[in-house]
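File shown: query-v4.cif (mmCIF, C-alpha atoms).
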data_run
loop_
_atom_site.label_atom_id
_atom_site.label_comp_id
_atom_site.auth_asym_id
_atom_site.auth_seq_id
_atom_site.Cartn_x
_atom_site.Cartn_y
_atom_site.Cartn_z
CA MET A 1 29.27 9.34 17.80
CA VAL A 2 25.52 9.95 18.04
CA ARG A 3 23.85 8.24 15.10
CA CYS A 4 20.37 8.55 13.78
CA ARG A 5 18.54 6.46 11.20
CA ARG A 6 16.86 8.29 8.33
CA SER A 7 14.66 7.22 5.50
CA LEU A 8 15.99 7.50 1.96
CA HIS A 9 13.36 10.08 1.04
CA SER A 10 13.68 12.32 4.08
CA SER A 11 14.53 15.99 3.70
CA PRO A 12 18.16 17.12 4.04
CA CYS A 13 19.55 17.66 7.50
CA CYS A 14 19.15 20.98 9.15
CA TYR A 15 21.78 20.27 11.79
CA ASN A 16 25.19 18.63 11.50
CA LEU A 17 25.86 15.81 13.86
CA HIS A 18 28.93 16.39 15.97
CA ARG A 19 31.26 14.01 17.67
CA VAL A 20 30.40 13.83 21.32
CA ARG A 21 33.26 13.67 23.78
CA VAL A 22 32.08 11.70 26.76
CA ASP A 23 33.75 12.23 30.12
CA VAL A 24 33.73 9.06 32.16
CA ARG A 25 34.39 8.28 35.78
CA ARG A 26 34.96 4.85 37.16
CA PHE A 27 32.95 3.91 40.24
CA ARG A 28 34.79 2.36 43.10
CA PRO A 29 33.02 -0.31 45.06
CA PRO A 30 32.28 0.55 48.68
CA GLY A 31 35.13 -0.44 50.89
CA SER A 32 37.61 -0.24 48.04
CA SER A 33 41.02 1.17 48.93
CA ALA A 34 42.27 1.64 45.37
CA GLY A 35 45.01 4.16 45.13
CA ALA A 36 45.89 6.65 42.56
CA THR A 37 47.15 3.84 40.33
CA GLY A 38 43.64 2.44 40.05
CA GLU A 39 44.61 -1.10 41.33
CA PRO A 40 41.77 -2.95 43.07
CA ALA A 41 41.83 -3.34 46.85
CA HIS A 42 42.78 -6.62 48.50
CA GLY A 43 39.79 -8.95 48.79
CA ALA A 44 37.73 -7.32 46.11
CA ASN A 45 37.63 -10.55 44.09
CA ASN A 46 35.88 -12.37 46.94
CA ALA A 47 32.78 -10.15 46.78
CA GLY A 48 29.41 -11.86 46.37
CA PRO A 49 27.18 -11.63 43.33
CA GLY A 50 25.14 -8.80 44.85
CA ASP A 51 28.20 -6.74 45.65
CA PRO A 52 28.64 -3.43 43.76
CA ALA A 53 31.97 -4.74 42.52
CA GLN A 54 30.09 -7.19 40.28
CA LEU A 55 28.20 -4.42 38.45
CA SER A 56 28.32 -4.52 34.67
CA HIS A 57 31.00 -2.65 32.76
CA GLN A 58 28.46 -0.08 31.44
CA SER A 59 27.15 0.75 34.88
CA ARG A 60 30.63 1.70 36.03
CA PHE A 61 30.57 4.81 33.85
CA ARG A 62 28.64 7.96 34.39
CA LEU A 63 27.99 10.27 31.39
CA GLN A 64 28.08 14.01 31.73
CA PHE A 65 24.39 14.43 30.94
CA PRO A 66 23.52 18.01 29.83
CA GLN A 67 25.85 18.43 26.86
CA LEU A 68 25.32 14.88 25.61
CA ALA A 69 21.54 15.15 25.95
CA LEU A 70 21.45 18.36 23.90
CA ARG A 71 23.59 16.82 21.19
CA ARG A 72 21.36 13.76 21.10
CA ARG A 73 18.37 16.09 20.77
CA LEU A 74 20.01 17.83 17.82
CA GLY A 75 20.60 14.43 16.29
CA GLN A 76 16.87 13.73 16.50
CA LEU A 77 16.09 17.09 14.90
CA SER A 78 18.32 16.20 11.96
CA CYS A 79 15.89 13.40 11.04
CA MET A 80 12.90 15.78 10.83
CA SER A 81 11.70 17.81 7.91
CA ARG A 82 12.69 21.48 7.69
CA ALA A 83 9.16 22.63 8.50
CA THR A 84 9.04 20.43 11.61
CA VAL A 85 12.46 21.57 12.77
CA ARG A 86 11.47 25.22 12.29
CA LEU A 87 8.24 24.66 14.25
CA ARG A 88 10.03 22.84 17.07
CA SER A 89 12.80 25.44 17.33
CA TRP A 90 10.64 28.60 17.24
CA PRO A 91 9.59 28.59 20.93
CA LEU A 92 13.22 28.23 21.97
CA SER A 93 14.26 30.92 19.48
CA ILE A 94 11.68 33.35 20.85
CA LEU A 95 12.96 32.73 24.37
CA TYR A 96 16.50 33.23 23.07
CA TYR A 97 15.66 36.79 21.97
CA ILE A 98 13.39 37.65 24.92
CA LEU A 99 15.29 36.37 27.94
CA PRO A 100 17.81 38.87 29.37
CA PHE A 101 21.54 38.44 29.95
CA GLY A 102 21.93 35.94 27.12
CA ALA A 103 20.45 33.14 29.19
CA LEU A 104 20.31 30.71 26.26
CA LYS A 105 23.59 31.64 24.59
CA PRO A 106 25.33 28.50 25.99
CA LEU A 107 23.15 26.48 23.60
CA ALA A 108 25.24 27.81 20.72
CA LYS A 109 28.19 25.82 22.08
CA VAL A 110 26.42 22.54 21.27
CA GLY A 111 25.55 23.46 17.68
CA TRP A 112 22.08 25.05 18.06
CA ARG A 113 21.30 28.22 16.12
CA PRO A 114 18.16 30.33 16.73
CA THR A 115 15.72 31.11 13.95
CA SER A 116 16.35 34.64 12.67
CA ARG A 117 14.19 37.51 13.89
CA VAL A 118 13.09 38.31 10.34
CA THR A 119 11.91 34.73 9.74
CA ILE A 120 9.95 34.71 12.98
CA TYR A 121 8.38 38.10 12.20
CA LYS A 122 7.42 37.11 8.65
CA SER A 123 5.66 34.01 9.97
CA ILE A 124 3.16 36.08 11.97
CA PRO A 125 -0.28 35.98 10.25
CA THR A 126 -0.48 39.76 9.84
CA ARG A 127 -3.20 39.60 7.18
CA LEU A 128 -5.47 37.58 9.44
CA LEU A 129 -4.77 39.90 12.37
CA SER A 130 -5.48 42.94 10.19
CA ARG A 131 -8.84 41.55 9.07
CA ALA A 132 -9.75 40.80 12.68
CA TRP A 133 -8.71 44.33 13.63
CA GLY A 134 -10.85 45.73 10.82
CA ARG A 135 -13.87 43.80 12.08
CA LEU A 136 -13.24 45.08 15.58
CA ASN A 137 -13.01 48.66 14.31
CA GLN A 138 -16.55 48.45 12.95
CA VAL A 139 -18.09 47.32 16.25
CA ASP A 140 -20.11 50.18 17.75
CA LEU A 141 -18.99 51.11 21.25
CA PRO A 142 -21.43 51.90 24.06
CA THR A 143 -21.77 55.62 24.63
CA TRP A 144 -20.29 55.41 28.13
CA LEU A 145 -17.21 53.55 26.83
CA ARG A 146 -16.31 55.84 23.93
CA LYS A 147 -14.56 58.59 25.84
CA PRO A 148 -12.29 56.28 27.91
CA ILE A 149 -11.26 54.28 24.82
CA PHE A 150 -10.61 57.30 22.61
CA ARG A 151 -8.83 59.23 25.36
CA LEU A 152 -6.52 56.30 25.91
CA TYR A 153 -5.72 56.27 22.19
CA ILE A 154 -5.23 60.07 22.15
CA TRP A 155 -2.85 59.88 25.11
CA THR A 156 -0.90 56.93 23.67
CA PHE A 157 -0.30 58.35 20.18
CA GLY A 158 -0.48 62.09 20.82
CA VAL A 159 -3.56 62.88 18.72
CA ASN A 160 -4.44 66.57 18.43
CA MET A 161 -8.24 66.62 18.61
CA LYS A 162 -8.36 70.41 18.36
CA GLU A 163 -7.73 70.01 14.63
CA ALA A 164 -10.59 67.54 14.15
CA ALA A 165 -13.73 68.75 12.43
CA ILE A 166 -15.75 67.13 15.25
CA GLU A 167 -14.06 67.28 18.66
CA ASP A 168 -16.83 65.52 20.59
CA LEU A 169 -15.55 61.98 21.21
CA GLN A 170 -19.02 60.58 21.74
CA HIS A 171 -19.87 61.42 18.15
CA TYR A 172 -17.59 58.62 16.87
CA ARG A 173 -19.49 55.37 17.13
CA ASN A 174 -16.51 53.06 16.65
CA LEU A 175 -12.75 53.05 16.25
CA GLY A 176 -13.01 53.10 12.47
CA GLU A 177 -14.87 56.41 12.45
CA PHE A 178 -12.37 57.87 14.89
CA PHE A 179 -9.40 56.81 12.74
CA ARG A 180 -10.99 58.35 9.63
CA ARG A 181 -11.89 61.63 11.29
CA LYS A 182 -11.84 64.74 9.10
CA LEU A 183 -9.93 67.93 9.84
CA LYS A 184 -11.10 71.51 9.97
CA PRO A 185 -10.52 73.14 6.56
CA GLN A 186 -8.44 76.01 7.90
CA VAL A 187 -5.90 73.87 9.79
CA ARG A 188 -4.27 72.51 6.61
CA PRO A 189 -3.88 75.30 4.05
CA VAL A 190 -2.63 74.09 0.67
CA CYS A 191 0.49 75.85 -0.63
CA ASP A 192 -0.25 77.39 -4.03
CA SER A 193 3.26 78.61 -4.82
CA HIS A 194 4.81 75.14 -5.10
CA CYS A 195 3.98 72.46 -7.63
CA VAL A 196 4.25 69.43 -5.27
CA ILE A 197 2.90 69.27 -1.72
CA SER A 198 2.84 66.62 0.97
CA PRO A 199 -0.12 64.28 0.42
CA ALA A 200 -0.57 63.55 4.14
CA ASP A 201 0.55 64.25 7.68
CA GLY A 202 3.56 62.19 8.66
CA LYS A 203 7.32 61.92 8.88
CA ILE A 204 9.77 62.06 6.00
CA LEU A 205 11.67 58.76 5.88
CA HIS A 206 13.70 59.43 2.75
CA PHE A 207 13.77 61.53 -0.41
CA GLY A 208 16.01 62.32 -3.35
CA ARG A 209 16.91 61.17 -6.84
CA VAL A 210 16.39 57.58 -7.94
CA LYS A 211 19.78 56.03 -8.77
CA ASN A 212 20.55 52.72 -10.48
CA CYS A 213 16.89 51.65 -10.41
CA GLU A 214 17.07 51.49 -6.59
CA VAL A 215 14.94 53.45 -4.12
CA GLU A 216 15.82 53.91 -0.45
CA GLN A 217 13.05 53.10 2.01
CA VAL A 218 15.28 54.38 4.84
CA LYS A 219 18.92 55.43 4.79
CA GLY A 220 21.07 52.52 3.66
CA VAL A 221 18.18 50.11 2.93
CA THR A 222 16.98 49.98 -0.68
CA TYR A 223 14.45 48.16 -2.85
CA SER A 224 14.14 47.58 -6.56
CA LEU A 225 12.12 50.11 -8.55
CA GLU A 226 10.85 47.45 -10.95
CA THR A 227 9.85 45.10 -8.13
CA PHE A 228 7.99 47.92 -6.42
CA LEU A 229 6.03 49.18 -9.47
CA GLY A 230 5.84 45.93 -11.42
CA PRO A 231 6.23 45.34 -15.16
CA ARG A 232 6.09 48.43 -17.35
CA ASN A 233 3.06 47.43 -19.43
CA TRP A 234 0.79 50.22 -18.18
CA THR A 235 2.76 53.01 -19.87
CA GLU A 236 0.68 52.57 -23.01
CA ASN A 237 -1.80 54.97 -21.42
CA LEU A 238 0.93 57.57 -20.92
CA SER A 239 2.83 59.82 -23.28
CA ALA A 240 5.41 58.29 -25.58
CA ASN A 241 8.87 57.85 -24.10
CA ARG A 242 11.62 60.10 -25.42
CA ASN A 243 13.63 56.95 -26.28
CA GLU A 244 10.85 54.65 -27.40
CA ASP A 245 13.14 52.55 -29.60
CA ASP A 246 15.76 51.97 -26.89
CA PRO A 247 14.39 52.90 -23.46
CA GLY A 248 17.46 51.47 -21.67
CA THR A 249 16.90 50.65 -18.01
CA TYR A 250 13.57 50.50 -16.24
CA GLN A 251 14.29 53.89 -14.70
CA ASP A 252 15.08 55.47 -18.07
CA ALA A 253 11.83 54.12 -19.51
CA LEU A 254 9.81 56.11 -16.98
CA VAL A 255 11.42 59.43 -17.92
CA THR A 256 9.42 60.82 -20.85
CA LYS A 257 11.09 64.20 -21.39
CA GLU A 258 14.63 65.25 -22.19
CA GLY A 259 16.50 66.85 -19.27
CA ASN A 260 14.31 65.28 -16.59
CA GLU A 261 15.18 62.88 -13.80
CA LEU A 262 13.25 60.57 -11.50
CA PHE A 263 12.69 61.62 -7.87
CA HIS A 264 11.13 59.90 -4.88
CA CYS A 265 9.78 60.82 -1.44
CA VAL A 266 8.61 58.50 1.36
CA VAL A 267 6.11 59.76 3.97
CA TYR A 268 5.35 57.61 7.02
CA LEU A 269 1.96 58.03 8.70
CA ALA A 270 2.07 57.19 12.41
CA PRO A 271 -1.03 55.82 14.19
CA GLY A 272 -1.69 59.24 15.72
CA ASP A 273 -1.55 61.13 12.41
CA TYR A 274 -4.40 62.23 10.18
CA HIS A 275 -5.19 59.08 8.17
CA CYS A 276 -6.54 60.53 4.93
CA PHE A 277 -4.27 61.35 2.00
CA HIS A 278 -4.74 63.90 -0.76
CA SER A 279 -3.54 64.61 -4.27
CA PRO A 280 0.00 66.04 -4.08
CA THR A 281 -0.27 67.95 -7.38
CA ASP A 282 -2.43 68.57 -10.42
CA TRP A 283 -2.28 65.35 -12.43
CA ARG A 284 -4.33 62.72 -14.20
CA VAL A 285 -4.47 59.14 -12.94
CA ALA A 286 -4.45 56.68 -15.83
CA HIS A 287 -3.81 53.31 -14.18
CA ARG A 288 -4.13 51.43 -10.91
CA ARG A 289 -2.12 48.36 -9.93
CA HIS A 290 -2.95 46.44 -6.76
CA PHE A 291 -0.31 44.16 -5.25
CA PRO A 292 -1.69 41.74 -2.62
CA GLY A 293 0.97 40.88 -0.09
CA SER A 294 2.04 40.84 3.52
CA LEU A 295 1.01 43.43 6.05
CA MET A 296 4.15 43.92 8.09
CA SER A 297 4.73 47.05 10.09
CA VAL A 298 6.21 49.98 8.15
CA ASN A 299 7.60 51.59 11.29
CA PRO A 300 11.04 53.11 10.53
CA GLY A 301 12.67 50.62 12.88
CA VAL A 302 11.20 47.68 10.96
CA ALA A 303 12.03 49.38 7.64
CA ARG A 304 15.72 49.36 8.63
CA TRP A 305 15.40 45.72 9.62
CA ILE A 306 13.73 44.14 6.55
CA LYS A 307 15.07 44.84 3.09
CA GLU A 308 12.48 45.52 0.36
CA LEU A 309 9.78 45.81 3.01
CA PHE A 310 7.60 47.98 0.75
CA CYS A 311 7.83 45.33 -1.99
CA HIS A 312 6.61 42.60 0.38
CA ASN A 313 3.64 44.56 1.73
CA GLU A 314 0.28 45.02 0.07
CA ARG A 315 0.14 48.25 -1.90
CA VAL A 316 -1.88 50.21 -4.43
CA VAL A 317 0.07 52.01 -7.17
CA LEU A 318 -1.65 54.93 -8.92
CA SER A 319 0.27 56.04 -11.99
CA GLY A 320 -0.31 58.83 -14.46
CA GLU A 321 1.09 62.12 -15.69
CA TRP A 322 1.57 65.67 -14.51
CA THR A 323 3.02 68.78 -16.15
CA HIS A 324 6.57 67.44 -16.20
CA GLY A 325 5.89 63.83 -17.18
CA PHE A 326 5.49 60.60 -15.21
CA PHE A 327 3.91 60.73 -11.75
CA SER A 328 2.87 57.96 -9.33
CA LEU A 329 1.52 57.71 -5.80
CA THR A 330 1.71 54.40 -3.94
CA ALA A 331 -0.26 53.67 -0.77
CA VAL A 332 1.55 50.93 1.16
CA GLY A 333 -0.44 48.83 3.62
CA ALA A 334 0.85 47.79 7.04
CA THR A 335 -0.15 45.76 10.09
CA ASN A 336 -3.79 46.54 10.92
CA VAL A 337 -3.94 48.64 7.72
CA GLY A 338 -5.19 46.02 5.30
CA SER A 339 -7.91 48.34 4.06
CA ILE A 340 -6.67 50.93 1.56
CA ARG A 341 -9.47 53.00 0.11
CA ILE A 342 -9.35 55.13 -3.04
CA TYR A 343 -12.38 57.38 -3.14
CA PHE A 344 -12.95 57.38 -6.90
CA ASP A 345 -12.26 53.63 -7.31
CA LYS A 346 -15.23 51.59 -6.11
CA GLU A 347 -13.84 48.35 -7.58
CA LEU A 348 -10.76 48.22 -5.36
CA ARG A 349 -10.79 45.51 -2.67
CA THR A 350 -7.74 45.08 -0.45
CA ASN A 351 -6.70 42.51 2.17
CA ASN A 352 -8.66 39.66 0.61
CA PRO A 353 -8.48 36.34 2.51
CA ARG A 354 -6.93 34.52 -0.45
CA TYR A 355 -4.33 35.72 -2.87
CA SER A 356 -1.45 34.36 -4.92
CA LYS A 357 1.94 35.58 -3.82
CA GLY A 358 3.71 37.69 -6.42
CA THR A 359 0.57 38.52 -8.40
CA TYR A 360 -1.03 41.89 -9.10
CA ASN A 361 -4.30 43.26 -10.47
CA ASP A 362 -4.39 45.99 -13.11
CA PHE A 363 -7.18 48.43 -13.79
CA SER A 364 -7.16 51.20 -16.38
CA TYR A 365 -9.05 54.43 -15.85
CA VAL A 366 -8.63 55.31 -19.53
CA THR A 367 -11.65 54.16 -21.54
CA ASN A 368 -13.17 54.89 -24.92
CA ASN A 369 -15.44 57.45 -23.31
CA ASN A 370 -12.71 58.90 -21.07
CA ARG A 371 -9.32 59.20 -22.75
CA GLU A 372 -7.85 61.36 -19.99
CA GLY A 373 -8.37 59.09 -17.00
CA VAL A 374 -9.18 60.62 -13.61
CA SER A 375 -8.17 64.26 -13.20
CA MET A 376 -7.02 65.24 -9.69
CA ARG A 377 -6.49 68.74 -8.36
CA LYS A 378 -3.78 69.58 -5.85
CA GLY A 379 -5.09 69.03 -2.31
CA GLU A 380 -8.18 67.11 -3.41
CA HIS A 381 -9.22 64.11 -1.26
CA LEU A 382 -7.75 60.93 -2.74
CA GLY A 383 -8.04 58.09 -0.21
CA GLU A 384 -7.60 56.89 3.36
CA PHE A 385 -6.01 54.27 5.59
CA ASN A 386 -7.51 52.65 8.66
CA LEU A 387 -4.34 53.23 10.68
CA GLY A 388 -0.82 54.59 10.15
CA SER A 389 0.96 53.52 6.97
CA THR A 390 3.25 54.86 4.22
CA ILE A 391 2.94 56.83 0.98
CA VAL A 392 5.66 56.68 -1.67
CA LEU A 393 5.82 59.35 -4.38
CA LEU A 394 7.78 58.64 -7.58
CA PHE A 395 7.76 61.37 -10.18
CA GLU A 396 9.63 62.84 -13.10
CA ALA A 397 10.85 66.44 -12.81
CA PRO A 398 13.49 68.76 -14.27
CA ARG A 399 17.02 68.33 -12.98
CA ASP A 400 16.91 71.61 -11.08
CA PHE A 401 14.13 70.29 -8.82
CA THR A 402 15.29 70.34 -5.18
CA PHE A 403 13.63 69.06 -2.02
CA ASN A 404 13.20 71.46 0.91
CA LEU A 405 13.17 68.62 3.41
CA LYS A 406 15.22 66.87 6.07
CA ALA A 407 15.11 63.14 6.74
CA GLY A 408 13.07 62.45 9.87
CA GLN A 409 11.26 65.78 9.94
CA LYS A 410 7.52 66.02 10.61
CA ILE A 411 5.41 67.32 7.76
CA ARG A 412 1.75 68.17 7.30
CA PHE A 413 -0.59 67.81 4.41
CA GLY A 414 -0.44 70.88 2.17
CA GLU A 415 3.17 71.82 2.98
CA PRO A 416 5.58 72.01 0.00
CA LEU A 417 8.01 69.21 -0.75
CA GLY A 418 10.39 71.09 -3.05
CA THR A 419 10.98 73.83 -5.60
CA MET A 420 12.44 74.24 -9.06
#
This entry written out as structure tokens:
Amino acid sequence: MVRCRRSLHSSPCCYNLHRVRVDVRRFRPPGSSAGATGEPAHGANNAGPGDPAQLSHQSRFRLQFPQLALRRRLGQLSCMSRATVRLRSWPLSILYYILPFGALKPLAKVGWRPTSRVTIYKSIPTRLLSRAWGRLNQVDLPTWLRKPIFRLYIWTFGVNMKEAAIEDLQHYRNLGEFFRRKLKPQVRPVCDSHCVISPADGKILHFGRVKNCEVEQVKGVTYSLETFLGPRNWTENLSANRNEDDPGTYQDALVTKEGNELFHCVVYLAPGDYHCFHSPTDWRVAHRRHFPGSLMSVNPGVARWIKELFCHNERVVLSGEWTHGFFSLTAVGATNVGSIRIYFDKELRTNNPRYSKGTYNDFSYVTNNNREGVSMRKGEHLGEFNLGSTIVLLFEAPRDFTFNLKAGQKIRFGEPLGTM
């Protein structure tokens, strides 16, 4: 049994100590003629003090080293704090997932378990990396270096520069200006015959009715509606609920008109897409809620991997009303997209160095002098990201509203989302 001393106040063990079965082999002294019965050879008792036959009892056994050494190492880890164990095991865990052919899988036989991929990914300082990336984006590039850098980006992410208002790459002084490039007005016509349009270029991750206060970020992976939008204390600036006395669930409280239901649509903006977003309909914005948080990637692959990813990431929720009731647009930040800009909100500051986890900041656009909030027209410029990210639309509409979309399809700003 491998034993390890611990202090009374040490943290609980992270690893269970296991009984170690030790295989032993008995050494035979040189010149010994012991048979299979293990009896000593004739004359062995006459050996001198320096003879191998006089070795101590412990030296006559040889331990099978690798398995015992690993188990002893796990016994040492059990005396450490959880943070120390996690720090010590991360390098080995990373190698466990990187090395091919399951090279480190034999370690599982001696009781070791790798740190989960999600835990490793969440430990990456994405906010710090995003701020560093933002600083780098503002560094002016030499004129001779602009074309090679931008062409490499165009080739990597498939950017269509023929749609840009300014096609000359040397015009963009830094990466930030290139990311926020404007489009030619005629390349994105706004559909006038439909009430809701796509707010940005991107890919449709998911859409449909909100059920049981859960919203799907991708197929099969959901997040809580209340966790995503936060407490419902901003509805005082909106119209009275149809069931003010007994609103029921959080989802029911958002529906203000009889016969309506709550719908959602998730649009993912890839790094090569147009990074500005626009108003998806005619509505008035009454409230803004800013959730500081992580800046993990919102790539569809990661969205399938991490549950409630959109609730962990930093986001800005704009809520208000349109013709059919409640309407909200949420800009979700991502890795290297710590900066979310809303054009009419000069007070908004995202990706601050310090923040308290689980907190949010509220700001009302309804004042004594402006009881309507901020009025937005369909297709009007609303904000921008510094790189690809995600926009989530949550809105109330009549039950006969239907989406004209397919999950995974590409969509452009100005194209219709659905009809009724």
Query raised in the report: Any idea what the distance is between CA of His290 in chain A and CA of Arg349 in chain A?
Result: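 Rounded to one decimal, the two atoms are 8.9 Å apart.
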Requested in this report: Name every residue that the PyMOL selection byres ((chain A and resi 348) around 10) selects in this structure, writing the answer as a PyMOL selection string with chains first and numbers rising.
Outcome: chain A and resi 288-290+316+339-347+349-350+361+363
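Residues matching the PyMOL selection byres ((chain A and resi 125-142) around 9) in this structure come to Lys122, Ser123, Ile124, Thr143, Trp144, Leu145, Arg146, Tyr172, Arg173, Asn174, Leu175, Gly176, Glu177, Gly293, Ser294, Leu295, Met296, Ser297, Ala334, Thr335, Asn336, Val337, Gly338, Ser339, Asn351, Asn352, Pro353 and Asn386 of chain A.
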Output, as JSON, the centre and edge lengths in Å (one decimal) of the axis-aligned box that contains all listed atoms of range 165-176 of chain A with 4 Å of margin on each side.
{"center_x": -16.3, "center_y": 60.9, "center_z": 17.1, "size_x": 15.1, "size_y": 23.7, "size_z": 17.3}
Query raised in the report: Could you state the separation of CA of Phe157 in chain A and CA of Gln170 in chain A in Å, given to one decimal place?
Result: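 CA of Gln170 in chain A lies at a distance of 18.9 Å from CA of Phe157 in chain A.
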